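my_file_18.cif (mmCIF, C-alpha atoms)
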data_data
#
loop_
_atom_site.label_atom_id
_atom_site.label_comp_id
_atom_site.auth_asym_id
_atom_site.auth_seq_id
_atom_site.Cartn_x
_atom_site.Cartn_y
_atom_site.Cartn_z
CA MET A 1 158.43 151.75 158.86
CA THR A 2 155.51 149.36 159.24
CA ILE A 3 153.72 147.74 156.33
CA LYS A 4 150.32 146.23 157.06
CA LYS A 5 148.56 143.67 154.85
CA THR A 6 145.26 142.03 155.71
CA GLY A 7 143.76 138.60 155.27
CA SER A 8 140.30 137.71 156.53
CA ALA A 9 138.19 134.65 157.14
CA HIS A 10 134.49 133.99 157.67
CA TRP A 11 133.29 130.75 159.30
CA GLU A 12 129.83 129.29 159.88
CA GLY A 13 128.90 126.15 161.81
CA SER A 14 130.75 123.41 163.62
CA VAL A 15 134.32 122.47 162.81
CA LYS A 16 133.39 119.29 160.89
CA GLN A 17 130.15 120.34 159.19
CA GLY A 18 130.82 124.04 158.96
CA LYS A 19 132.41 125.97 156.17
CA GLY A 20 134.17 129.21 155.61
CA THR A 21 135.72 131.58 153.14
CA VAL A 22 139.08 133.29 153.13
CA SER A 23 139.96 136.55 151.37
CA SER A 24 142.93 138.85 151.02
CA GLU A 25 143.07 142.63 151.03
CA SER A 26 144.41 142.72 147.46
CA GLY A 27 141.57 140.60 146.14
CA ALA A 28 143.96 137.86 144.96
CA LEU A 29 141.89 135.61 147.22
CA LYS A 30 138.22 136.45 147.23
CA ASP A 31 135.83 134.30 149.25
CA GLN A 32 137.83 131.13 148.62
CA PRO A 33 136.12 128.19 150.36
CA TYR A 34 137.79 126.28 153.17
CA GLY A 35 136.64 123.79 155.72
CA PHE A 36 137.36 120.52 157.47
CA ASN A 37 137.08 118.67 154.17
CA THR A 38 139.63 120.93 152.45
CA ARG A 39 142.05 120.66 155.36
CA PHE A 40 141.84 117.03 156.38
CA GLU A 41 140.26 115.39 153.33
CA ASP A 42 140.34 116.05 149.59
CA GLY A 43 137.58 118.65 149.39
CA ALA A 44 137.66 121.49 146.87
CA GLY A 45 138.97 124.75 148.28
CA THR A 46 141.96 125.93 150.23
CA ASN A 47 143.30 125.51 153.77
CA PRO A 48 145.61 127.38 156.14
CA GLU A 49 148.58 125.11 155.48
CA GLU A 50 148.60 125.60 151.71
CA LEU A 51 148.21 129.34 152.19
CA ILE A 52 151.19 129.31 154.57
CA GLY A 53 153.12 127.28 152.01
CA ALA A 54 152.35 129.75 149.24
CA ALA A 55 153.29 132.69 151.48
CA HIS A 56 156.54 131.05 152.55
CA ALA A 57 157.54 129.98 149.02
CA SER A 58 156.89 133.45 147.63
CA CYS A 59 158.69 135.23 150.48
CA PHE A 60 161.71 132.93 150.27
CA SER A 61 161.92 133.36 146.48
CA MET A 62 161.89 137.15 146.81
CA ALA A 63 164.51 137.08 149.60
CA LEU A 64 166.73 134.77 147.55
CA SER A 65 166.38 137.01 144.48
CA MET A 66 167.32 140.07 146.53
CA MET A 67 170.34 138.42 148.15
CA LEU A 68 171.60 136.95 144.88
CA GLY A 69 171.26 140.37 143.22
CA GLU A 70 173.12 142.06 146.08
CA ALA A 71 175.95 139.55 145.52
CA GLY A 72 176.07 140.43 141.81
CA HIS A 73 174.25 137.31 140.60
CA GLU A 74 170.83 138.33 139.36
CA PRO A 75 168.69 135.21 138.87
CA SER A 76 166.77 134.63 135.66
CA ALA A 77 164.28 132.30 137.41
CA ILE A 78 163.51 130.91 140.86
CA ASP A 79 160.89 128.22 141.49
CA THR A 80 160.14 127.28 145.09
CA ARG A 81 157.73 124.80 146.68
CA ALA A 82 157.02 124.87 150.42
CA THR A 83 155.49 121.72 151.89
CA VAL A 84 153.85 122.40 155.25
CA HIS A 85 153.70 119.40 157.60
CA LEU A 86 150.69 119.39 159.96
CA ASP A 87 151.09 116.67 162.59
CA LYS A 88 148.86 115.55 165.43
CA ASP A 89 150.11 114.47 168.83
CA ASP A 90 148.60 114.26 172.32
CA SER A 91 148.38 118.06 172.57
CA GLY A 92 146.62 118.51 169.21
CA PHE A 93 147.75 119.66 165.77
CA SER A 94 150.96 121.57 165.10
CA VAL A 95 152.87 122.69 162.06
CA THR A 96 156.07 120.79 162.76
CA ARG A 97 158.07 121.35 159.62
CA ILE A 98 158.17 123.29 156.38
CA ALA A 99 160.25 121.82 153.59
CA LEU A 100 161.42 124.36 151.04
CA VAL A 101 162.57 123.04 147.67
CA THR A 102 163.92 125.63 145.27
CA LYS A 103 165.47 125.49 141.84
CA ALA A 104 167.02 128.58 140.34
CA LYS A 105 168.70 129.71 137.15
CA VAL A 106 171.52 131.99 138.22
CA PRO A 107 174.13 132.70 135.55
CA GLY A 108 177.75 132.68 136.70
CA ILE A 109 177.30 131.55 140.31
CA SER A 110 179.09 128.61 141.89
CA ASP A 111 177.02 125.97 143.65
CA ALA A 112 178.78 126.77 146.95
CA ASP A 113 177.89 130.47 146.69
CA PHE A 114 174.33 129.60 145.68
CA GLN A 115 173.90 127.22 148.63
CA ALA A 116 175.24 129.81 151.09
CA THR A 117 172.94 132.49 149.70
CA ALA A 118 169.93 130.15 149.78
CA GLU A 119 170.59 129.36 153.46
CA LYS A 120 170.85 133.09 154.20
CA ALA A 121 167.54 133.66 152.40
CA LYS A 122 165.88 130.85 154.38
CA ALA A 123 166.98 132.45 157.65
CA GLY A 124 166.29 136.03 156.56
CA CYS A 125 162.91 135.63 154.90
CA PRO A 126 160.31 137.44 157.06
CA ILE A 127 157.88 134.52 156.80
CA SER A 128 160.60 132.07 157.98
CA LYS A 129 161.01 134.23 161.06
CA LEU A 130 157.37 133.59 162.01
CA PHE A 131 157.74 129.89 162.58
CA THR A 132 159.00 127.83 165.48
CA ALA A 133 158.70 124.74 163.26
CA GLU A 134 161.79 123.24 161.67
CA ILE A 135 162.40 124.69 158.21
CA THR A 136 164.44 122.55 155.84
CA LEU A 137 165.83 123.61 152.48
CA GLU A 138 166.83 121.69 149.37
CA ALA A 139 168.27 124.07 146.80
CA SER A 140 169.57 123.32 143.31
CA LEU A 141 170.76 125.28 140.34
CA ASP A 142 168.98 124.72 137.04
CA SER A 143 171.50 124.78 134.23
#

Show this structure as structure tokens.
Amino acid sequence: MTIKKTGSAHWEGSVKQGKGTVSSESGALKDQPYGFNTRFEDGAGTNPEELIGAAHASCFSMALSMMLGEAGHEPSAIDTRATVHLDKDDSGFSVTRIALVTKAKVPGISDADFQATAEKAKAGCPISKLFTAEITLEASLDS
């Protein structure tokens, strides 16, 4: 089984003075602006790294929910933030690390079982599998 989802981008002009828009097949993103100023400065709009962060946080949260449920511990809430680190070296820019921070309300689970399940979700999340960058995880239960 193959599921296909589409994102698209339109760009005009040079890298520094140009601008673009990004959209998603579902319409959740529709012609959202992006450009040099939104990626490397504080301009209004989005950028690839925050979109990757949102995708990774949402994928991880779903994977964690599924794995907790399969273990008999259905969560009542999961909140995850993914911070994408874009670093420059002699070869150019690279995403070098993604730091996942998640807090979950999971009735009846021990911290040890929660930590083990969170690590499994980090490794098993389809978006995690895309990256060669280091992915770190800080997970905590919200009582």

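The spacing separating atom CA of Ile135 of chain A from atom CA of Ile98 of chain A amounts to 4.8 Å.
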
Discussion item. If the PyMOL selection byres ((chain A and resi 140-143) around 12) were run on this exact file, what residues would it hold? Put them as a ChimeraX atom specification.
Written reply: /A:75-80,100-119,137-139

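Shortest atom-to-atom contact with Thr38 of chain A among A:Leu64, A:Cys125, A:Ala82, A:Val15: A:Val15, counting only C-alpha atoms.
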
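The space separating atom CA of Glu50 of chain A from atom CA of Asn37 of chain A comes to 13.7 Å.
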
Fill in: Ground truth for the PyMOL selection byres ((chain A and resi 84) around 10), written as a ChimeraX atom specification
/A:48-54,56,81-83,85-87,95-100,133,135

Practice prompt. Have a look at atom CA of Glu12 of chain A and atom CA of Lys88 of chain A and let me know their distance in Å, one decimal.
Written response: 24.1 Å

Matched chain/residue IDs from the PyMOL selection byres ((chain A and resi 24) around 10), as a PDB file with C-alpha atoms, in the coordinates of the input:
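Result file out-v7.pdb:
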ATOM      1  CA  LYS A   5     148.560 143.670 154.850  1.00  0.00           C
ATOM      2  CA  THR A   6     145.260 142.030 155.710  1.00  0.00           C
ATOM      3  CA  GLY A   7     143.760 138.600 155.270  1.00  0.00           C
ATOM      4  CA  SER A   8     140.300 137.710 156.530  1.00  0.00           C
ATOM      5  CA  ALA A   9     138.190 134.650 157.140  1.00  0.00           C
ATOM      6  CA  VAL A  22     139.080 133.290 153.130  1.00  0.00           C
ATOM      7  CA  SER A  23     139.960 136.550 151.370  1.00  0.00           C
ATOM      8  CA  GLU A  25     143.070 142.630 151.030  1.00  0.00           C
ATOM      9  CA  SER A  26     144.410 142.720 147.460  1.00  0.00           C
ATOM     10  CA  GLY A  27     141.570 140.600 146.140  1.00  0.00           C
ATOM     11  CA  ALA A  28     143.960 137.860 144.960  1.00  0.00           C
ATOM     12  CA  LEU A  29     141.890 135.610 147.220  1.00  0.00           C
ATOM     13  CA  LYS A  30     138.220 136.450 147.230  1.00  0.00           C
ATOM     14  CA  ASP A  31     135.830 134.300 149.250  1.00  0.00           C
ATOM     15  CA  GLN A  32     137.830 131.130 148.620  1.00  0.00           C
TER      16      GLN A  32
END

Fill in: Option closest in space to Phe36 of chain A, from A:Gly13, A:Ala55, A:Asp90, A:Gly72 [counting only C-alpha atoms]
A:Gly13

Supply segment 94-105 of chain A as an mmCIF file, in the frame of the given file, with all heavy atoms built in where the input has gaps.
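Result file result08.cif:
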data_model
loop_
_atom_site.group_PDB
_atom_site.id
_atom_site.type_symbol
_atom_site.label_atom_id
_atom_site.label_comp_id
_atom_site.auth_asym_id
_atom_site.auth_seq_id
_atom_site.Cartn_x
_atom_site.Cartn_y
_atom_site.Cartn_z
ATOM 1 N N SER A 94 149.899 120.559 165.173
ATOM 2 C CA SER A 94 150.960 121.570 165.100
ATOM 3 C C SER A 94 151.611 121.503 163.726
ATOM 4 O O SER A 94 151.764 120.423 163.154
ATOM 5 C CB SER A 94 152.061 121.289 166.138
ATOM 6 O OG SER A 94 151.565 121.342 167.435
ATOM 7 N N VAL A 95 152.002 122.661 163.226
ATOM 8 C CA VAL A 95 152.870 122.690 162.060
ATOM 9 C C VAL A 95 154.258 122.394 162.594
ATOM 10 O O VAL A 95 154.808 123.171 163.371
ATOM 11 C CB VAL A 95 152.817 124.050 161.330
ATOM 12 C CG1 VAL A 95 153.886 124.124 160.246
ATOM 13 C CG2 VAL A 95 151.435 124.286 160.734
ATOM 14 N N THR A 96 154.795 121.244 162.208
ATOM 15 C CA THR A 96 156.070 120.790 162.760
ATOM 16 C C THR A 96 157.246 121.031 161.833
ATOM 17 O O THR A 96 158.387 121.044 162.282
ATOM 18 C CB THR A 96 156.007 119.287 163.062
ATOM 19 O OG1 THR A 96 155.654 118.592 161.863
ATOM 20 C CG2 THR A 96 154.990 119.005 164.163
ATOM 21 N N ARG A 97 156.963 121.200 160.549
ATOM 22 C CA ARG A 97 158.070 121.350 159.620
ATOM 23 C C ARG A 97 157.564 121.977 158.328
ATOM 24 O O ARG A 97 156.432 121.761 157.923
ATOM 25 C CB ARG A 97 158.689 119.991 159.304
ATOM 26 C CG ARG A 97 159.913 120.051 158.426
ATOM 27 C CD ARG A 97 160.716 118.753 158.453
ATOM 28 N NE ARG A 97 160.020 117.629 157.868
ATOM 29 C CZ ARG A 97 160.222 117.187 156.636
ATOM 30 N NH1 ARG A 97 161.092 117.790 155.841
ATOM 31 N NH2 ARG A 97 159.568 116.150 156.179
ATOM 32 N N ILE A 98 158.421 122.751 157.713
ATOM 33 C CA ILE A 98 158.170 123.290 156.380
ATOM 34 C C ILE A 98 159.383 122.942 155.540
ATOM 35 O O ILE A 98 160.512 123.292 155.900
ATOM 36 C CB ILE A 98 157.928 124.808 156.401
ATOM 37 C CG1 ILE A 98 156.722 125.132 157.271
ATOM 38 C CG2 ILE A 98 157.750 125.346 154.980
ATOM 39 C CD1 ILE A 98 156.519 126.595 157.547
ATOM 40 N N ALA A 99 159.156 122.224 154.469
ATOM 41 C CA ALA A 99 160.250 121.820 153.590
ATOM 42 C C ALA A 99 160.238 122.705 152.347
ATOM 43 O O ALA A 99 159.307 122.659 151.551
ATOM 44 C CB ALA A 99 160.093 120.355 153.195
ATOM 45 N N LEU A 100 161.258 123.515 152.215
ATOM 46 C CA LEU A 100 161.420 124.360 151.040
ATOM 47 C C LEU A 100 162.265 123.621 150.014
ATOM 48 O O LEU A 100 163.323 123.073 150.347
ATOM 49 C CB LEU A 100 162.138 125.666 151.401
ATOM 50 C CG LEU A 100 161.422 126.640 152.329
ATOM 51 C CD1 LEU A 100 162.366 127.763 152.740
ATOM 52 C CD2 LEU A 100 160.173 127.194 151.670
ATOM 53 N N VAL A 101 161.795 123.592 148.789
ATOM 54 C CA VAL A 101 162.570 123.040 147.670
ATOM 55 C C VAL A 101 162.596 124.123 146.606
ATOM 56 O O VAL A 101 161.549 124.562 146.135
ATOM 57 C CB VAL A 101 161.938 121.743 147.129
ATOM 58 C CG1 VAL A 101 162.720 121.244 145.919
ATOM 59 C CG2 VAL A 101 161.878 120.671 148.214
ATOM 60 N N THR A 102 163.793 124.556 146.250
ATOM 61 C CA THR A 102 163.920 125.630 145.270
ATOM 62 C C THR A 102 164.897 125.232 144.170
ATOM 63 O O THR A 102 165.871 124.528 144.415
ATOM 64 C CB THR A 102 164.347 126.954 145.940
ATOM 65 O OG1 THR A 102 164.148 128.033 145.038
ATOM 66 C CG2 THR A 102 165.790 126.942 146.403
ATOM 67 N N LYS A 103 164.587 125.680 142.986
ATOM 68 C CA LYS A 103 165.470 125.490 141.840
ATOM 69 C C LYS A 103 165.584 126.849 141.175
ATOM 70 O O LYS A 103 164.579 127.516 140.952
ATOM 71 C CB LYS A 103 164.880 124.475 140.873
ATOM 72 C CG LYS A 103 165.813 124.140 139.709
ATOM 73 C CD LYS A 103 165.254 123.030 138.858
ATOM 74 C CE LYS A 103 165.702 121.721 139.493
ATOM 75 N NZ LYS A 103 165.518 120.571 138.626
ATOM 76 N N ALA A 104 166.819 127.240 140.886
ATOM 77 C CA ALA A 104 167.020 128.580 140.340
ATOM 78 C C ALA A 104 167.992 128.557 139.163
ATOM 79 O O ALA A 104 168.914 127.741 139.127
ATOM 80 C CB ALA A 104 167.561 129.507 141.428
ATOM 81 N N LYS A 105 167.755 129.450 138.234
ATOM 82 C CA LYS A 105 168.700 129.710 137.150
ATOM 83 C C LYS A 105 169.434 130.988 137.519
ATOM 84 O O LYS A 105 168.823 132.057 137.604
ATOM 85 C CB LYS A 105 167.964 129.877 135.821
ATOM 86 C CG LYS A 105 167.387 128.592 135.285
ATOM 87 C CD LYS A 105 166.766 128.791 133.918
ATOM 88 C CE LYS A 105 166.201 127.470 133.424
ATOM 89 N NZ LYS A 105 165.604 127.566 132.107
#
